[in-house]
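Participant: Sharing upload-v2.txt here; it has compact mmCIF, C-alpha atoms.
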```txt
# COMPACT_ATOMS: atom_id res chain seq x y z
CA MET A 47 -147.19 20.94 -132.47
CA SER A 48 -149.15 18.20 -134.18
CA THR A 49 -151.49 15.73 -132.54
CA SER A 50 -149.04 12.85 -132.89
CA GLU A 51 -146.31 14.87 -131.15
CA ILE A 52 -148.63 15.74 -128.27
CA LEU A 53 -149.67 12.08 -128.00
CA PHE A 54 -146.03 10.99 -128.10
CA TRP A 55 -145.04 13.30 -125.26
CA PHE A 56 -148.09 12.34 -123.20
CA LEU A 57 -147.35 8.62 -123.62
CA SER A 58 -143.66 9.19 -122.84
CA VAL A 59 -144.41 11.07 -119.62
CA LEU A 60 -147.00 8.43 -118.67
CA ALA A 61 -144.53 5.59 -119.31
CA LEU A 62 -141.73 7.24 -117.33
CA PHE A 63 -143.99 8.18 -114.42
CA SER A 64 -145.45 4.68 -114.29
CA ALA A 65 -142.01 3.07 -114.47
CA ILE A 66 -140.85 5.22 -111.55
CA MET A 67 -143.98 4.24 -109.63
CA VAL A 68 -143.18 0.56 -110.26
CA LEU A 69 -139.88 1.07 -108.47
CA VAL A 70 -141.16 3.35 -105.71
CA SER A 71 -144.34 1.47 -104.74
CA LYS A 72 -144.10 -0.37 -101.45
CA ASN A 73 -146.91 -2.79 -102.27
CA PRO A 74 -145.91 -5.39 -104.93
CA ILE A 75 -149.46 -5.56 -106.30
CA HIS A 76 -149.43 -1.81 -106.91
CA SER A 77 -146.10 -2.24 -108.71
CA VAL A 78 -147.65 -4.81 -111.04
CA LEU A 79 -150.59 -2.50 -111.76
CA TRP A 80 -148.22 0.37 -112.58
CA LEU A 81 -146.29 -2.00 -114.85
CA ILE A 82 -149.52 -2.68 -116.75
CA VAL A 83 -149.86 1.08 -117.30
CA VAL A 84 -146.28 1.11 -118.65
CA PHE A 85 -147.16 -1.65 -121.11
CA PHE A 86 -150.22 0.24 -122.34
CA ALA A 87 -148.12 3.39 -122.85
CA ILE A 88 -145.55 1.40 -124.82
CA SER A 89 -148.35 -0.08 -126.92
CA GLY A 90 -149.45 3.48 -127.66
CA HIS A 91 -145.92 4.22 -128.89
CA TYR A 92 -146.12 1.17 -131.15
CA LEU A 93 -149.35 2.50 -132.60
CA LEU A 94 -147.70 5.85 -133.27
CA LEU A 95 -144.93 3.99 -135.12
CA ASN A 96 -147.54 2.20 -137.30
CA ALA A 97 -146.69 -1.18 -135.72
CA GLN A 98 -150.21 -2.34 -134.92
CA PHE A 99 -149.23 -6.00 -134.63
CA LEU A 100 -146.61 -5.29 -131.97
CA ALA A 101 -149.06 -3.08 -130.07
CA ILE A 102 -151.71 -5.79 -129.94
CA VAL A 103 -149.20 -8.51 -129.06
CA ASN A 104 -147.78 -6.30 -126.31
CA ILE A 105 -151.22 -5.80 -124.79
CA ILE A 106 -152.32 -9.42 -125.10
CA VAL A 107 -149.10 -11.13 -124.05
CA TYR A 108 -147.47 -8.75 -121.60
CA ALA A 109 -150.28 -6.67 -120.11
CA GLY A 110 -152.59 -9.67 -120.17
CA ALA A 111 -150.97 -13.03 -119.61
CA ILE A 112 -147.64 -12.13 -118.01
CA MET A 113 -149.10 -9.61 -115.57
CA VAL A 114 -151.81 -12.05 -114.47
CA LEU A 115 -149.05 -14.57 -113.84
CA PHE A 116 -147.09 -11.98 -111.84
CA LEU A 117 -150.18 -11.19 -109.75
CA PHE A 118 -150.76 -14.88 -108.99
CA VAL A 119 -147.13 -15.39 -108.00
CA ILE A 120 -147.14 -12.31 -105.75
CA MET A 121 -150.37 -13.37 -104.08
CA LEU A 122 -149.12 -16.95 -103.58
CA MET A 123 -145.80 -15.81 -102.12
CA ASN A 124 -147.55 -13.78 -99.39
CA LEU A 125 -144.88 -11.10 -99.21
CA ASN A 126 -144.74 -9.52 -95.77
CA LYS A 127 -142.20 -7.21 -94.19
CA GLU A 128 -141.41 -9.88 -91.57
CA THR A 129 -140.46 -12.50 -94.17
CA GLU A 130 -138.37 -10.16 -96.34
CA PRO A 131 -134.65 -10.88 -95.88
CA SER A 132 -132.30 -7.97 -95.30
CA ARG A 133 -129.85 -7.27 -98.10
CA ASN A 134 -126.17 -7.03 -97.28
CA ILE A 135 -123.91 -4.22 -98.47
CA TRP A 136 -122.37 -6.30 -101.31
CA MET A 137 -125.76 -6.93 -102.90
CA LYS A 138 -126.53 -3.20 -102.82
CA PHE A 139 -123.10 -2.38 -104.22
CA SER A 140 -123.46 -4.86 -107.08
CA GLY A 141 -126.91 -3.41 -107.85
CA VAL A 142 -125.49 0.11 -108.07
CA ILE A 143 -122.65 -1.08 -110.33
CA SER A 144 -125.08 -2.98 -112.59
CA GLY A 145 -127.38 0.02 -112.83
CA GLY A 146 -124.47 2.30 -113.67
CA LEU A 147 -123.30 -0.05 -116.43
CA LEU A 148 -126.83 -0.19 -117.85
CA LEU A 149 -127.01 3.61 -117.84
CA TRP A 150 -123.65 3.76 -119.62
CA ILE A 151 -124.92 1.36 -122.31
CA PHE A 152 -128.07 3.45 -122.81
CA VAL A 153 -126.08 6.67 -123.14
CA SER A 154 -123.66 5.14 -125.66
CA ALA A 155 -126.55 3.64 -127.64
CA THR A 156 -128.35 6.97 -127.89
CA ARG A 157 -125.14 8.70 -129.00
CA SER A 158 -124.64 6.20 -131.82
CA ALA A 159 -128.31 6.24 -132.85
CA GLY A 160 -127.73 9.09 -135.30
CA GLU A 161 -125.20 7.00 -137.20
CA ILE A 162 -127.58 4.05 -137.42
CA VAL A 163 -130.48 6.16 -138.70
CA GLY A 164 -128.37 7.38 -141.63
CA LYS A 165 -127.42 3.83 -142.62
CA THR A 166 -130.88 2.24 -142.68
CA ALA A 167 -132.32 1.05 -145.96
CA MET A 168 -135.09 3.00 -147.61
CA ILE A 169 -138.49 1.42 -147.02
CA LYS A 170 -141.50 2.46 -149.00
CA GLU A 171 -144.00 4.60 -147.11
CA GLY A 172 -146.79 2.74 -145.30
CA SER A 173 -145.15 -0.70 -145.29
CA ILE A 174 -143.44 -0.31 -141.93
CA GLY A 175 -144.97 -2.40 -139.16
CA LEU A 176 -146.99 -4.74 -141.36
CA ILE A 177 -147.16 -8.38 -140.30
CA GLU A 178 -146.07 -9.58 -143.74
CA ASN A 179 -142.79 -7.63 -143.57
CA LEU A 180 -142.19 -8.76 -139.99
CA GLY A 181 -142.68 -12.40 -141.01
CA LYS A 182 -140.35 -12.10 -144.01
CA VAL A 183 -137.56 -10.57 -141.94
CA LEU A 184 -138.10 -12.96 -139.02
CA PHE A 185 -137.95 -16.13 -141.09
CA THR A 186 -135.21 -15.06 -143.53
CA GLN A 187 -132.67 -12.81 -141.81
CA TYR A 188 -133.34 -13.93 -138.23
CA ALA A 189 -134.29 -17.60 -138.69
CA LEU A 190 -131.40 -18.97 -136.62
CA PRO A 191 -131.85 -16.61 -133.61
CA PHE A 192 -135.59 -17.31 -133.75
CA GLU A 193 -135.00 -21.06 -133.53
CA ILE A 194 -132.39 -20.67 -130.78
CA SER A 195 -134.79 -18.55 -128.71
CA SER A 196 -137.54 -21.16 -129.16
CA VAL A 197 -135.21 -23.90 -127.85
CA LEU A 198 -134.27 -21.61 -124.94
CA PHE A 199 -137.94 -21.05 -124.07
CA LEU A 200 -138.63 -24.79 -124.29
CA SER A 201 -135.75 -25.58 -121.94
CA ALA A 202 -136.95 -22.85 -119.53
CA MET A 203 -140.43 -24.41 -119.46
CA VAL A 204 -139.00 -27.88 -118.80
CA GLY A 205 -136.81 -26.43 -116.04
CA ALA A 206 -139.80 -24.70 -114.45
CA VAL A 207 -141.75 -27.97 -114.44
CA VAL A 208 -138.82 -29.86 -112.91
CA ILE A 209 -138.28 -27.22 -110.21
CA GLY A 210 -141.98 -26.95 -109.43
CA LYS A 211 -142.55 -30.71 -109.25
CA LYS A 212 -143.06 -32.15 -105.78
CA GLN A 213 -140.58 -34.77 -104.52
```
Turn the structure described in the file into structure tokens.
Facilitator:
Amino acid sequence: MSTSEILFWFLSVLALFSAIMVLVSKNPIHSVLWLIVVFFAISGHYLLLNAQFLAIVNIIVYAGAIMVLFLFVIMLMNLNKETEPSRNIWMKFSGVISGGLLLWIFVSATRSAGEIVGKTAMIKEGSIGLIENLGKVLFTQYALPFEISSVLFLSAMVGAVVIGKKQ
């Protein structure tokens, strides 16, 4: 077993354990801290895939900015057991159905992954994960989805300002 394989399995176990701890933790602040560990493990996977840009962006944006925002929101909401509403049976049922459908999608995606790997274009060694290649693909092949997502983010920010504005 090579060093990269050992590192891969260590990061995978760490990511899965931390993700389970996000769900199991009773304290929301502990859940956020476990989620930060998940993001660092995923960044380690990006580094193993030679995608340094994605690893750094994942750490800066998600583990940094988004998690600080989550911590502020959790602390401002003052979540107590007394204020937590009880969930009815239909909400639990719809959650189980949604989770089952997501599991079904993951299983079908992993089954068809072998077909996709055989159809990918040959890329020269060492050029995977470079920022130049990411920029070329993003602004040529995926220019329209990139612009649509930017408009979606802009409308979400305007909506957040409108909702958060005092009367």
Participant: Could you name the residues that touch His76 in chain A at 12 Å or less, counting only C-alpha atoms, but leaving out those on the same chain fewer than 5 positions away, as a ChimeraX atom specification?
Facilitator: /A:64-65,67-71,81-83,113,116-117,120-121
Participant: Counting only C-alpha atoms, what is within 12 Å of Gly181 in chain A, bar same-chain residues fewer than 6 positions away, as a count of residues only?
Facilitator: 6
Participant: Compute the distance from (-143.9, 8.9, -119.0) to each atom, counting all atoms listed in the file, keep the residues with any atom at most 12 Å away, and return them as a PyMOL selection string; use the coordinates of the file.
Facilitator: chain A and resi 53-67+80-81+83-88+90-91
Participant: Report, in Å to a single decimal, how far apart CA of Ser77 in chain A and CA of Asn134 in chain A are.
Facilitator: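 Taking CA of Asn134 in chain A as the start and CA of Ser77 in chain A as the end point, the length is 23.5 Å.
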Participant: What lies within 7 Å of Ser89 in chain A using only C-alpha atoms, ignoring chain neighbours under 3 positions off, as a PyMOL selection string?
Facilitator: chain A and resi 85-86+92-93+101+104-105
Participant: For a test of reading the model, state the distance in Å between CA of Ile177 in chain A and CA of Leu95 in chain A, rounded to one decimal.
Facilitator: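 Computing it gives 13.6 Å between the two atoms.
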Participant: Measuring atom to atom with only C-alpha atoms, identify which of A:Gly146, A:Glu193, A:Leu198, A:Leu180 is nearest to Leu100 in chain A.
Facilitator: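 Selected residue with least distance to Leu100 in chain A: A:Leu180.
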Participant: Would you work out the distance separating CA of Val114 in chain A from CA of Ile75 in chain A, expressed in Å to one decimal?
Facilitator: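 Distance reported for this atom pair: 10.7 Å.
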Participant: Could you put an axis-aligned box around every listed atom of range 63-70 of chain A, padded by 6 Å on each side, and send me its centre and edge lengths in Å to one decimal, as AutoDock Vina command-line options?
Facilitator:
```
--center_x -142.7 --center_y 4.4 --center_z -110.1 --size_x 17.6 --size_y 19.6 --size_z 20.8
```
Participant: Tell me which of A:Ile106, A:Pro74, A:Val207, A:Ala97 sits closest to Phe118 in chain A, counting all atoms listed in the file.
Facilitator: A:Pro74
